[in-house]
$ cat model-v3.cif   # mmCIF, C-alpha atoms
data_final
#
loop_
_atom_site.group_PDB
_atom_site.id
_atom_site.type_symbol
_atom_site.label_atom_id
_atom_site.label_comp_id
_atom_site.auth_asym_id
_atom_site.auth_seq_id
_atom_site.Cartn_x
_atom_site.Cartn_y
_atom_site.Cartn_z
ATOM 1 C CA MET P 766 0.000 0.000 0.000
ATOM 2 C CA SER P 767 1.485 3.351 -1.033
ATOM 3 C CA LYS P 768 1.597 6.276 1.378
ATOM 4 C CA SER P 769 0.572 9.869 0.754
ATOM 5 C CA LEU P 770 3.319 12.132 2.121
ATOM 6 C CA MET P 771 2.781 15.396 3.979
ATOM 7 C CA PRO P 772 4.920 18.383 2.849
ATOM 8 C CA SER P 773 7.651 17.863 5.451
ATOM 9 C CA ASP P 774 7.935 14.144 4.645
ATOM 10 C CA ALA P 775 7.783 14.861 0.915
ATOM 11 C CA SER P 776 10.674 17.321 1.225
ATOM 12 C CA ALA P 777 12.667 14.739 3.193
ATOM 13 C CA TYR P 778 11.972 12.099 0.512
ATOM 14 C CA LEU P 779 13.285 14.409 -2.218
ATOM 15 C CA ASP P 780 16.339 15.242 -0.115
ATOM 16 C CA THR P 781 17.058 11.507 0.203
ATOM 17 C CA LEU P 782 17.008 11.154 -3.577
ATOM 18 C CA LEU P 783 19.329 14.138 -3.913
ATOM 19 C CA GLN P 784 21.746 12.701 -1.347
ATOM 20 C CA MET P 785 21.918 9.541 -3.456
ATOM 21 C CA ALA P 786 22.602 11.659 -6.540
ATOM 22 C CA LEU P 787 25.486 13.339 -4.719
ATOM 23 C CA SER P 788 27.091 9.997 -3.897
ATOM 24 C CA SER P 789 27.356 7.093 -6.336
ATOM 25 C CA TYR P 790 23.949 7.133 -8.041
ATOM 26 C CA ILE P 791 22.578 8.910 -11.092
ATOM 27 C CA PHE P 792 19.077 9.713 -12.307
ATOM 28 C CA GLN P 793 18.671 7.803 -15.561
ATOM 29 C CA LEU P 794 15.920 9.451 -17.596
ATOM 30 C CA HIS P 795 13.738 6.820 -19.222
ATOM 31 C CA ARG P 796 10.715 8.683 -20.613
ATOM 32 C CA CYS P 797 9.712 12.341 -20.964
ATOM 33 C CA PHE P 798 6.664 13.726 -22.768
ATOM 34 C CA ASN P 799 5.567 17.327 -23.326
ATOM 35 C CA VAL P 800 2.069 16.892 -24.734
ATOM 36 C CA THR P 801 -1.537 17.991 -24.947
ATOM 37 C CA VAL P 802 -3.329 14.671 -24.553
ATOM 38 C CA LYS P 803 -6.345 13.331 -26.452
ATOM 39 C CA ALA P 804 -9.872 13.283 -25.048
ATOM 40 C CA SER P 805 -9.570 9.513 -24.623
ATOM 41 C CA TRP P 806 -6.450 9.806 -22.429
ATOM 42 C CA ARG P 807 -6.415 7.605 -19.392
ATOM 43 C CA ILE P 808 -3.946 5.450 -17.480
ATOM 44 C CA ASP P 809 -5.183 2.047 -16.441
ATOM 45 C CA GLU P 810 -4.088 0.816 -13.047
ATOM 46 C CA ARG P 811 -0.340 0.203 -13.135
ATOM 47 C CA VAL P 812 2.846 -0.022 -11.088
ATOM 48 C CA LEU P 813 6.058 1.468 -12.532
ATOM 49 C CA ASP P 814 9.638 0.618 -11.656
ATOM 50 C CA GLU P 815 10.528 4.295 -12.188
ATOM 51 C CA VAL P 816 10.004 7.522 -10.264
ATOM 52 C CA HIS P 817 7.248 9.458 -12.037
ATOM 53 C CA LEU P 818 7.044 13.290 -12.076
ATOM 54 C CA LEU P 819 4.185 15.288 -13.559
ATOM 55 C CA PHE P 820 3.665 19.009 -14.175
ATOM 56 C CA VAL P 821 0.239 20.223 -15.340
ATOM 57 C CA ARG P 822 0.509 23.180 -17.716
ATOM 58 C CA SER P 823 -3.259 23.479 -18.237
ATOM 59 C CA GLY P 824 -6.416 21.463 -17.841
ATOM 60 C CA CYS P 825 -7.383 19.019 -15.130
ATOM 61 C CA ALA P 826 -6.476 15.387 -14.425
ATOM 62 C CA THR P 827 -7.470 12.963 -11.687
ATOM 63 C CA TYR P 828 -5.079 10.354 -10.315
ATOM 64 C CA GLU P 829 -6.274 7.421 -8.205
ATOM 65 C CA PHE P 830 -4.135 5.864 -5.465
ATOM 66 C CA GLY P 831 -5.755 2.909 -3.747
ATOM 67 C CA GLY P 832 -9.212 4.470 -3.717
ATOM 68 C CA ARG P 833 -8.031 8.027 -3.016
ATOM 69 C CA SER P 834 -8.636 10.581 -5.774
ATOM 70 C CA VAL P 835 -6.140 13.394 -6.369
ATOM 71 C CA LYS P 836 -7.292 16.273 -8.570
ATOM 72 C CA LEU P 837 -4.514 18.098 -10.416
ATOM 73 C CA THR P 838 -5.019 21.479 -12.085
ATOM 74 C CA ALA P 839 -2.761 24.005 -13.856
ATOM 75 C CA GLY P 840 0.452 24.453 -11.860
ATOM 76 C CA SER P 841 0.093 21.163 -9.969
ATOM 77 C CA LEU P 842 3.154 18.995 -9.351
ATOM 78 C CA LEU P 843 2.932 15.266 -8.691
ATOM 79 C CA VAL P 844 5.634 12.816 -7.590
ATOM 80 C CA VAL P 845 4.951 9.072 -7.652
ATOM 81 C CA SER P 846 7.674 6.730 -6.412
ATOM 82 C CA ASP P 847 8.425 3.451 -8.142
ATOM 83 C CA GLY P 848 6.283 0.588 -6.830
ATOM 84 C CA THR P 849 3.210 2.809 -6.355
ATOM 85 C CA MET P 850 -0.030 1.542 -7.898
ATOM 86 C CA HIS P 851 -2.012 4.290 -9.609
ATOM 87 C CA SER P 852 -4.399 5.122 -12.439
ATOM 88 C CA ALA P 853 -5.479 8.397 -14.039
ATOM 89 C CA SER P 854 -8.002 10.106 -16.303
ATOM 90 C CA ARG P 855 -8.602 13.609 -17.635
ATOM 91 C CA ASN P 856 -11.417 16.125 -17.302
ATOM 92 C CA LEU P 857 -13.090 16.252 -20.704
ATOM 93 C CA SER P 858 -14.312 19.845 -20.302
ATOM 94 C CA GLU P 859 -10.919 21.361 -21.204
ATOM 95 C CA PRO P 860 -7.704 20.282 -22.952
ATOM 96 C CA LEU P 861 -5.084 18.674 -20.713
ATOM 97 C CA SER P 862 -1.490 19.767 -21.296
ATOM 98 C CA ILE P 863 1.182 17.998 -19.243
ATOM 99 C CA ILE P 864 4.912 17.320 -18.989
ATOM 100 C CA THR P 865 5.747 13.885 -17.597
ATOM 101 C CA VAL P 866 9.148 12.596 -16.503
ATOM 102 C CA ARG P 867 10.050 9.005 -15.636
ATOM 103 C CA PHE P 868 13.510 8.105 -14.348
ATOM 104 C CA ARG P 869 15.333 5.314 -12.548
ATOM 105 C CA ILE P 870 17.899 5.635 -9.777
ATOM 106 C CA VAL P 871 20.908 3.587 -10.825
ATOM 107 C CA ARG P 872 24.380 3.070 -9.458
ATOM 108 C CA TYR P 873 26.936 4.890 -11.588
ATOM 109 C CA LYS P 874 28.591 2.682 -14.262
ATOM 110 C CA GLU P 875 26.672 -0.397 -13.094
ATOM 111 C CA ASP P 876 23.212 0.354 -14.566
ATOM 112 C CA ARG P 877 21.745 -1.346 -11.505
ATOM 113 C CA HIS P 878 18.318 -0.031 -10.527
ATOM 114 C CA MET P 879 17.866 1.028 -6.898
ATOM 115 C CA PRO P 880 14.145 0.591 -6.012
ATOM 116 C CA THR P 881 12.400 2.794 -3.445
ATOM 117 C CA ALA P 882 11.948 0.985 -0.129
ATOM 118 C CA ASN P 883 8.485 2.374 0.675
ATOM 119 C CA PRO P 884 6.134 3.271 -2.223
ATOM 120 C CA CYS P 885 4.728 6.767 -1.819
ATOM 121 C CA TYR P 886 3.301 9.767 -3.639
ATOM 122 C CA PHE P 887 2.608 13.433 -3.008
ATOM 123 C CA PHE P 888 1.370 16.487 -4.870
ATOM 124 C CA PHE P 889 1.191 20.223 -4.328
ATOM 125 C CA GLN P 890 0.241 23.415 -6.095
ATOM 126 C CA SER P 891 3.274 25.322 -7.278
ATOM 127 C CA GLN P 892 3.640 28.900 -6.052
ATOM 128 C CA ASP P 893 5.852 29.678 -9.051
ATOM 129 C CA THR P 894 4.295 27.991 -12.088
ATOM 130 C CA GLN P 895 6.682 29.661 -14.530
ATOM 131 C CA LYS P 896 9.751 28.330 -12.715
ATOM 132 C CA PHE P 897 8.589 24.729 -12.747
ATOM 133 C CA ARG P 898 7.313 24.911 -16.310
ATOM 134 C CA LEU P 899 10.793 25.970 -17.418
ATOM 135 C CA LEU P 900 12.462 23.266 -15.310
ATOM 136 C CA PHE P 901 10.278 20.515 -16.770
ATOM 137 C CA GLU P 902 10.719 21.884 -20.278
ATOM 138 C CA ALA P 903 14.501 21.762 -19.769
ATOM 139 C CA ILE P 904 14.291 18.068 -18.843
ATOM 140 C CA HIS P 905 12.247 17.391 -21.985
ATOM 141 C CA ARG P 906 14.654 19.394 -24.142
ATOM 142 C CA HIS P 907 17.624 17.420 -22.827
ATOM 143 C CA HIS P 908 15.745 14.131 -23.292
ATOM 144 C CA CYS P 909 15.381 14.933 -27.019
ATOM 145 C CA LEU P 910 19.153 15.228 -27.537
ATOM 146 C CA PRO P 911 21.029 12.475 -29.404
ATOM 147 C CA PRO P 912 22.484 9.771 -27.113
ATOM 148 C CA SER P 913 25.772 10.907 -25.550
ATOM 149 C CA VAL P 914 27.479 11.410 -22.213
ATOM 150 C CA LYS P 915 26.484 15.092 -22.438
ATOM 151 C CA LYS P 916 22.810 14.158 -22.750
ATOM 152 C CA ASP P 917 23.035 11.849 -19.705
ATOM 153 C CA ALA P 918 24.767 14.565 -17.677
ATOM 154 C CA LEU P 919 22.252 17.246 -18.659
ATOM 155 C CA CYS P 920 19.255 15.004 -17.920
ATOM 156 C CA HIS P 921 20.677 14.042 -14.530
ATOM 157 C CA ALA P 922 21.493 17.659 -13.644
ATOM 158 C CA SER P 923 18.088 19.018 -14.732
ATOM 159 C CA ILE P 924 16.252 16.346 -12.719
ATOM 160 C CA CYS P 925 18.433 17.178 -9.689
ATOM 161 C CA GLN P 926 17.606 20.874 -10.015
ATOM 162 C CA THR P 927 13.882 20.177 -10.356
ATOM 163 C CA LEU P 928 13.800 17.923 -7.288
ATOM 164 C CA ALA P 929 15.827 20.451 -5.271
ATOM 165 C CA GLU P 930 13.444 23.281 -6.196
ATOM 166 C CA MET P 931 10.462 21.090 -5.268
ATOM 167 C CA SER P 932 12.010 20.272 -1.901
ATOM 168 C CA ARG P 933 12.820 23.917 -1.232
ATOM 169 C CA GLU P 934 9.293 25.069 -2.021
ATOM 170 C CA LEU P 935 7.706 22.331 0.099
ATOM 171 C CA GLU P 936 9.967 23.306 2.991
ATOM 172 C CA GLU P 937 9.080 26.983 2.651
ATOM 173 C CA LEU P 938 5.367 26.216 2.458
ATOM 174 C CA GLU P 939 5.559 24.171 5.640
ATOM 175 C CA GLN P 940 7.626 26.705 7.576
ATOM 176 C CA ASN P 941 5.767 29.844 6.624
ATOM 177 C CA LYS P 942 2.251 28.935 5.501
ATOM 178 C CA PRO P 943 0.254 32.034 6.591
ATOM 179 C CA THR P 944 2.716 34.749 5.548
ATOM 180 C CA ARG P 945 3.781 32.972 2.350
ATOM 181 C CA HIS P 946 0.148 32.722 1.285
ATOM 182 C CA ALA P 947 -0.262 36.450 1.907
ATOM 183 C CA ILE P 948 2.805 37.332 -0.179
ATOM 184 C CA MET P 949 1.775 34.973 -2.987
ATOM 185 C CA GLN P 950 -1.641 36.661 -2.955
ATOM 186 C CA ILE P 951 -0.003 40.042 -3.574
ATOM 187 C CA LYS P 952 2.376 38.592 -6.175
ATOM 188 C CA GLY P 953 -0.562 36.946 -7.947
ATOM 189 C CA TYR P 954 -2.505 40.213 -7.976
ATOM 190 C CA ILE P 955 0.432 42.089 -9.534
ATOM 191 C CA ASP P 956 1.006 39.305 -12.101
ATOM 192 C CA THR P 957 -2.622 39.381 -13.242
ATOM 193 C CA ASN P 958 -3.034 43.168 -13.040
ATOM 194 C CA PRO P 959 0.148 44.589 -14.621
ATOM 195 C CA LEU P 960 -1.501 47.961 -15.278
ATOM 196 C CA SER P 961 -2.527 48.433 -11.650
ATOM 197 C CA ARG P 962 -0.694 51.138 -9.733
ATOM 198 C CA LEU P 963 -1.859 50.323 -6.217
ATOM 199 C CA SER P 964 0.424 51.658 -3.515
ATOM 200 C CA VAL P 965 2.383 49.437 -1.142
ATOM 201 C CA LYS P 966 -0.115 50.359 1.569
ATOM 202 C CA GLU P 967 -3.061 49.302 -0.615
ATOM 203 C CA LEU P 968 -1.382 46.033 -1.630
ATOM 204 C CA ALA P 969 -0.465 45.238 1.966
ATOM 205 C CA ALA P 970 -4.131 45.672 2.894
ATOM 206 C CA LEU P 971 -4.955 42.766 0.559
ATOM 207 C CA SER P 972 -2.849 40.489 2.744
ATOM 208 C CA GLY P 973 -3.767 41.869 6.168
ATOM 209 C CA LEU P 974 -0.123 42.710 6.873
ATOM 210 C CA SER P 975 1.404 46.045 7.786
ATOM 211 C CA PRO P 976 3.074 47.834 4.835
ATOM 212 C CA LYS P 977 6.529 47.594 6.455
ATOM 213 C CA TYR P 978 6.284 43.889 7.295
ATOM 214 C CA CYS P 979 4.678 43.120 3.953
ATOM 215 C CA SER P 980 7.503 44.878 2.102
ATOM 216 C CA LEU P 981 10.126 42.947 4.074
ATOM 217 C CA LEU P 982 8.504 39.549 3.418
ATOM 218 C CA PHE P 983 7.910 40.336 -0.249
ATOM 219 C CA ARG P 984 11.556 41.191 -0.815
ATOM 220 C CA GLN P 985 12.695 38.061 1.051
ATOM 221 C CA SER P 986 10.374 35.939 -1.109
ATOM 222 C CA THR P 987 11.003 37.463 -4.560
ATOM 223 C CA GLY P 988 14.318 39.292 -4.262
ATOM 224 C CA LEU P 989 12.585 42.506 -5.379
ATOM 225 C CA THR P 990 10.724 45.297 -3.646
ATOM 226 C CA ILE P 991 6.996 45.525 -4.328
ATOM 227 C CA LYS P 992 7.563 48.585 -6.515
ATOM 228 C CA GLU P 993 10.333 46.836 -8.470
ATOM 229 C CA TYR P 994 8.121 43.807 -8.987
ATOM 230 C CA GLN P 995 5.263 46.024 -10.216
ATOM 231 C CA ILE P 996 7.600 47.592 -12.770
ATOM 232 C CA LYS P 997 8.903 44.177 -13.838
ATOM 233 C CA SER P 998 5.352 42.870 -14.345
ATOM 234 C CA ARG P 999 4.362 45.997 -16.275
ATOM 235 C CA ILE P 1000 7.423 45.802 -18.529
ATOM 236 C CA GLU P 1001 6.832 42.094 -19.228
ATOM 237 C CA TYR P 1002 3.311 42.986 -20.325
ATOM 238 C CA ALA P 1003 4.725 45.813 -22.447
ATOM 239 C CA ALA P 1004 7.065 43.342 -24.161
ATOM 240 C CA TYR P 1005 4.099 41.141 -24.980
ATOM 241 C CA LEU P 1006 2.206 44.089 -26.492
ATOM 242 C CA LEU P 1007 5.254 45.176 -28.488
ATOM 243 C CA GLU P 1008 5.613 41.697 -29.980
ATOM 244 C CA HIS P 1009 1.953 40.873 -30.560
ATOM 245 C CA SER P 1010 0.112 44.105 -31.338
ATOM 246 C CA SER P 1011 0.278 46.745 -34.043
ATOM 247 C CA GLN P 1012 0.559 49.622 -31.549
ATOM 248 C CA SER P 1013 3.491 52.022 -31.557
ATOM 249 C CA VAL P 1014 5.865 52.474 -28.626
ATOM 250 C CA LYS P 1015 4.131 55.732 -27.762
ATOM 251 C CA GLU P 1016 0.666 54.153 -27.825
ATOM 252 C CA ILE P 1017 1.783 51.299 -25.598
ATOM 253 C CA SER P 1018 3.506 53.630 -23.141
ATOM 254 C CA LEU P 1019 0.261 55.598 -22.790
ATOM 255 C CA GLN P 1020 -1.764 52.405 -22.364
ATOM 256 C CA LEU P 1021 0.553 51.355 -19.539
ATOM 257 C CA GLY P 1022 0.119 54.682 -17.771
ATOM 258 C CA TYR P 1023 3.336 56.414 -18.861
ATOM 259 C CA PRO P 1024 2.486 59.952 -20.023
ATOM 260 C CA ASP P 1025 6.106 60.367 -21.175
ATOM 261 C CA PRO P 1026 7.348 57.720 -23.680
ATOM 262 C CA PHE P 1027 10.938 58.588 -22.731
ATOM 263 C CA VAL P 1028 10.342 57.483 -19.121
ATOM 264 C CA PHE P 1029 8.765 54.260 -20.401
ATOM 265 C CA SER P 1030 11.689 53.564 -22.756
ATOM 266 C CA LYS P 1031 14.224 54.204 -20.007
ATOM 267 C CA GLN P 1032 12.429 51.874 -17.593
ATOM 268 C CA TYR P 1033 11.957 49.238 -20.299
ATOM 269 C CA LYS P 1034 15.669 49.202 -21.115
ATOM 270 C CA ALA P 1035 16.598 49.050 -17.424
ATOM 271 C CA VAL P 1036 14.522 45.867 -17.009
ATOM 272 C CA THR P 1037 15.126 44.113 -20.348
ATOM 273 C CA GLY P 1038 18.492 45.486 -21.427
ATOM 274 C CA ILE P 1039 17.157 46.615 -24.823
ATOM 275 C CA ALA P 1040 15.064 49.496 -26.140
ATOM 276 C CA PRO P 1041 11.327 48.900 -26.750
ATOM 277 C CA SER P 1042 11.850 49.685 -30.430
ATOM 278 C CA GLU P 1043 14.146 46.645 -30.699
ATOM 279 C CA THR P 1044 11.436 44.368 -29.306
ATOM 280 C CA LEU P 1045 8.964 45.968 -31.681
ATOM 281 C CA ARG P 1046 11.156 45.179 -34.695
ATOM 282 C CA SER P 1047 11.626 41.560 -33.600
ATOM 283 C CA GLY P 1048 7.906 40.930 -33.129
ATOM 284 C CA THR P 1049 4.826 41.379 -35.240
ATOM 285 C CA GLY P 1050 4.042 44.914 -34.161
ATOM 286 C CA LYS P 1051 4.517 47.830 -36.498
#
$ encode --input "model-v3.cif" --output "structure tokens"
Amino acid sequence: MSKSLMPSDASAYLDTLLQMALSSYIFQLHRCFNVTVKASWRIDERVLDEVHLLFVRSGCATYEFGGRSVKLTAGSLLVVSDGTMHSASRNLSEPLSIITVRFRIVRYKEDRHMPTANPCYFFFQSQDTQKFRLLFEAIHRHHCLPPSVKKDALCHASICQTLAEMSRELEELEQNKPTRHAIMQIKGYIDTNPLSRLSVKELAALSGLSPKYCSLLFRQSTGLTIKEYQIKSRIEYAAYLLEHSSQSVKEISLQLGYPDPFVFSKQYKAVTGIAPSETLRSGTGK
């Protein structure tokens, strides 16, 4: 019978795998798919002899573990150890886009599989979907390389990095649940409202924290001040408009709330390293 791990135990499990990778074992990538699955997609009950990782880019899937249903939505991460019986199906109401990774733990130069002692699984909702999407895409990109020692090294390293980032996020979630949720709420608001110019005081009110404490936690979590993160989000949206619209630099600067296009251009270059006109030329905008 497989065991569902709590965040602290899940982080410890990942750390154990990483400790093995730092000694005499390697992560041997066996399968990796980056796909939008068909409406008929399902996994009949099975037991793998590989560790199975899953990242949901969009859509909804349901995994079954011994009668327990686990619903996974966009941004969900799932880890299933080898020896764990499971099945799965998709929600037919929307397309399901996933990246799956299956790897074995083998002793270096011996190709001898090291099975997990106690079958287990766990899942969580990523607080940084973009980070994990890029990590999983890197694993898939390395998996598609021609066979070579470089491919094996890159696959092993990218799996190590992904597991380490998972462990770190699980640990942070467990240690700082209330305040982390508050900061992620503010970060999420800024990400989805790039044109908003709410003050630090107004954003802090969304989380129930004082402006000073909120600012401190936000910087510790993201490495940027709230104001810097607002600018970054606004500039990223500007880059999208420059590449995918027919608006001029001046029109976009006004749309983003910059009455002076020069100020917009200066801020854009400070964040991206290039002038907005260069992004405009490289995209579809005119």
$ axis_aligned_box --input "model-v3.cif" --around "region 1000-1010 of chain P" --padding-each-side "4 Å" --output "AutoDock Vina command-line options"
--center_x 3.8 --center_y 43.3 --center_z -24.9 --size_x 15.3 --size_y 12.9 --size_z 20.8
$ residues_around --input "model-v3.cif" --residues "Ser1018 (chain P)" --least-positions-apart "6" --cutoff "12 Å" --atoms "only C-alpha atoms" --output "CSV table (one decimal) with C-alpha atoms, in the frame of the given file"
chain,number,residue,atom,x,y,z
P,960,LEU,CA,-1.5,48.0,-15.3
P,999,ARG,CA,4.4,46.0,-16.3
P,1000,ILE,CA,7.4,45.8,-18.5
P,1002,TYR,CA,3.3,43.0,-20.3
P,1003,ALA,CA,4.7,45.8,-22.4
P,1004,ALA,CA,7.1,43.3,-24.2
P,1006,LEU,CA,2.2,44.1,-26.5
P,1007,LEU,CA,5.3,45.2,-28.5
P,1012,GLN,CA,0.6,49.6,-31.5
P,1024,PRO,CA,2.5,60.0,-20.0
P,1025,ASP,CA,6.1,60.4,-21.2
P,1026,PRO,CA,7.3,57.7,-23.7
P,1027,PHE,CA,10.9,58.6,-22.7
P,1028,VAL,CA,10.3,57.5,-19.1
P,1029,PHE,CA,8.8,54.3,-20.4
P,1030,SER,CA,11.7,53.6,-22.8
P,1031,LYS,CA,14.2,54.2,-20.0
P,1032,GLN,CA,12.4,51.9,-17.6
P,1033,TYR,CA,12.0,49.2,-20.3
P,1041,PRO,CA,11.3,48.9,-26.8
P,1042,SER,CA,11.8,49.7,-30.4
$ closest_residue --input "model-v3.cif" --among "P:Leu935, P:Cys979, P:Val866, P:Ile991" --to "Cys920 (chain P)" --atoms "only C-alpha atoms"
P:Val866
$ resolve_selection --input "model-v3.cif" --expression "the PyMOL selection byres ((chain P and resi 992) around 12)" --output "PyMOL selection string"
chain P and resi 951-952+955+959+961-966+968+980+983-984+987-991+993-999
$ residues_near_point --input "model-v3.cif" --point "(19.9, 9.4, -12.5)" --cutoff "9 Å" --atoms "only C-alpha atoms" --output "compact mmCIF listing (two decimals) with C-alpha atoms, keeping the file's coordinate frame"
# COMPACT_ATOMS: atom_id res chain seq x y z
CA ALA P 786 22.60 11.66 -6.54
CA TYR P 790 23.95 7.13 -8.04
CA ILE P 791 22.58 8.91 -11.09
CA PHE P 792 19.08 9.71 -12.31
CA GLN P 793 18.67 7.80 -15.56
CA LEU P 794 15.92 9.45 -17.60
CA PHE P 868 13.51 8.10 -14.35
CA ARG P 869 15.33 5.31 -12.55
CA ILE P 870 17.90 5.64 -9.78
CA VAL P 871 20.91 3.59 -10.82
CA ARG P 872 24.38 3.07 -9.46
CA TYR P 873 26.94 4.89 -11.59
CA ASP P 917 23.04 11.85 -19.70
CA ALA P 918 24.77 14.56 -17.68
CA CYS P 920 19.26 15.00 -17.92
CA HIS P 921 20.68 14.04 -14.53
CA ALA P 922 21.49 17.66 -13.64
CA ILE P 924 16.25 16.35 -12.72
CA CYS P 925 18.43 17.18 -9.69
$ residues_around --input "model-v3.cif" --residues "Ala826 (chain P)" --least-positions-apart "4" --cutoff "7 Å" --atoms "all atoms listed in the file" --output "list in words"
Lys836, Leu837, Thr838, Ser854, Arg855 and Asn856 of chain P
$ write_last_selection --input "model-v3.cif" --atoms "C-alpha atoms" --output "compact mmCIF listing (two decimals), in the frame of the given file"
# COMPACT_ATOMS: atom_id res chain seq x y z
CA LYS P 836 -7.29 16.27 -8.57
CA LEU P 837 -4.51 18.10 -10.42
CA THR P 838 -5.02 21.48 -12.08
CA SER P 854 -8.00 10.11 -16.30
CA ARG P 855 -8.60 13.61 -17.64
CA ASN P 856 -11.42 16.12 -17.30
$ resolve_selection --input "model-v3.cif" --expression "the PyMOL selection byres ((chain P and resi 896) around 12)" --output "list in words"
Phe820, Arg822, Gly840, Leu842, Ser891, Gln892, Asp893, Thr894, Gln895, Phe897, Arg898, Leu899, Leu900, Phe901, Glu902, Ala903, Gln926, Thr927, Glu930, Met931 and Glu934 of chain P
$ closest_residue --input "model-v3.cif" --among "P:Gly824, P:Gly953, P:Pro884, P:Gly1038" --to "Glu859 (chain P)" --atoms "all atoms listed in the file"
P:Gly824
$ atom_distance --input "model-v3.cif" --atom1 "CA of Leu819 (chain P)" --atom2 "CA of Ser841 (chain P)"
8.0 Å
$ atom_distance --input "model-v3.cif" --atom1 "CA of Arg833 (chain P)" --atom2 "CA of Pro772 (chain P)"
17.6 Å
$ closest_residue --input "model-v3.cif" --among "P:Thr781, P:Asn883, P:Ser805, P:Ser862" --to "Lys768 (chain P)" --atoms "only C-alpha atoms"
P:Asn883
$ atom_distance --input "model-v3.cif" --atom1 "CA of Ser769 (chain P)" --atom2 "CA of Phe830 (chain P)"
8.8 Å
$ build_atoms --input "model-v3.cif" --residues "region 789-794 of chain P" --atoms "all heavy atoms" --output "PDB file, keeping the file's coordinate frame"
ATOM      1  N   SER P 789      26.941   7.965  -5.231  1.00  0.00           N
ATOM      2  CA  SER P 789      27.356   7.093  -6.336  1.00  0.00           C
ATOM      3  C   SER P 789      26.204   6.702  -7.260  1.00  0.00           C
ATOM      4  O   SER P 789      26.309   5.732  -8.001  1.00  0.00           O
ATOM      5  CB  SER P 789      28.016   5.825  -5.781  1.00  0.00           C
ATOM      6  OG  SER P 789      27.136   5.176  -4.881  1.00  0.00           O
ATOM      7  N   TYR P 790      25.097   7.461  -7.214  1.00  0.00           N
ATOM      8  CA  TYR P 790      23.949   7.133  -8.041  1.00  0.00           C
ATOM      9  C   TYR P 790      23.659   8.254  -9.036  1.00  0.00           C
ATOM     10  O   TYR P 790      24.010   9.412  -8.795  1.00  0.00           O
ATOM     11  CB  TYR P 790      22.704   6.895  -7.173  1.00  0.00           C
ATOM     12  CG  TYR P 790      22.804   5.655  -6.319  1.00  0.00           C
ATOM     13  CD1 TYR P 790      23.373   5.724  -5.049  1.00  0.00           C
ATOM     14  CD2 TYR P 790      22.356   4.428  -6.789  1.00  0.00           C
ATOM     15  CE1 TYR P 790      23.480   4.589  -4.259  1.00  0.00           C
ATOM     16  CE2 TYR P 790      22.460   3.283  -6.002  1.00  0.00           C
ATOM     17  CZ  TYR P 790      23.013   3.373  -4.745  1.00  0.00           C
ATOM     18  OH  TYR P 790      23.130   2.253  -3.968  1.00  0.00           O
ATOM     19  N   ILE P 791      23.007   7.906 -10.121  1.00  0.00           N
ATOM     20  CA  ILE P 791      22.578   8.910 -11.092  1.00  0.00           C
ATOM     21  C   ILE P 791      21.095   8.708 -11.404  1.00  0.00           C
ATOM     22  O   ILE P 791      20.554   7.617 -11.229  1.00  0.00           O
ATOM     23  CB  ILE P 791      23.393   8.847 -12.404  1.00  0.00           C
ATOM     24  CG1 ILE P 791      23.206   7.494 -13.099  1.00  0.00           C
ATOM     25  CG2 ILE P 791      24.856   9.134 -12.147  1.00  0.00           C
ATOM     26  CD1 ILE P 791      23.780   7.463 -14.494  1.00  0.00           C
ATOM     27  N   PHE P 792      20.460   9.780 -11.861  1.00  0.00           N
ATOM     28  CA  PHE P 792      19.077   9.713 -12.307  1.00  0.00           C
ATOM     29  C   PHE P 792      19.090   9.422 -13.809  1.00  0.00           C
ATOM     30  O   PHE P 792      19.510  10.270 -14.605  1.00  0.00           O
ATOM     31  CB  PHE P 792      18.343  11.018 -12.025  1.00  0.00           C
ATOM     32  CG  PHE P 792      18.244  11.348 -10.558  1.00  0.00           C
ATOM     33  CD1 PHE P 792      18.370  12.654 -10.114  1.00  0.00           C
ATOM     34  CD2 PHE P 792      18.036  10.348  -9.618  1.00  0.00           C
ATOM     35  CE1 PHE P 792      18.270  12.964  -8.767  1.00  0.00           C
ATOM     36  CE2 PHE P 792      17.939  10.646  -8.264  1.00  0.00           C
ATOM     37  CZ  PHE P 792      18.059  11.951  -7.840  1.00  0.00           C
ATOM     38  N   GLN P 793      18.658   8.245 -14.164  1.00  0.00           N
ATOM     39  CA  GLN P 793      18.671   7.803 -15.561  1.00  0.00           C
ATOM     40  C   GLN P 793      17.292   8.051 -16.163  1.00  0.00           C
ATOM     41  O   GLN P 793      16.337   7.342 -15.873  1.00  0.00           O
ATOM     42  CB  GLN P 793      19.028   6.316 -15.622  1.00  0.00           C
ATOM     43  CG  GLN P 793      19.252   5.773 -17.011  1.00  0.00           C
ATOM     44  CD  GLN P 793      19.605   4.299 -16.967  1.00  0.00           C
ATOM     45  OE1 GLN P 793      18.732   3.450 -16.731  1.00  0.00           O
ATOM     46  NE2 GLN P 793      20.882   3.986 -17.162  1.00  0.00           N
ATOM     47  N   LEU P 794      17.200   9.069 -17.003  1.00  0.00           N
ATOM     48  CA  LEU P 794      15.920   9.451 -17.596  1.00  0.00           C
ATOM     49  C   LEU P 794      15.468   8.382 -18.593  1.00  0.00           C
ATOM     50  O   LEU P 794      16.193   8.036 -19.516  1.00  0.00           O
ATOM     51  CB  LEU P 794      16.053  10.811 -18.291  1.00  0.00           C
ATOM     52  CG  LEU P 794      14.773  11.429 -18.862  1.00  0.00           C
ATOM     53  CD1 LEU P 794      13.703  11.584 -17.796  1.00  0.00           C
ATOM     54  CD2 LEU P 794      15.089  12.790 -19.483  1.00  0.00           C
TER      55      LEU P 794
END
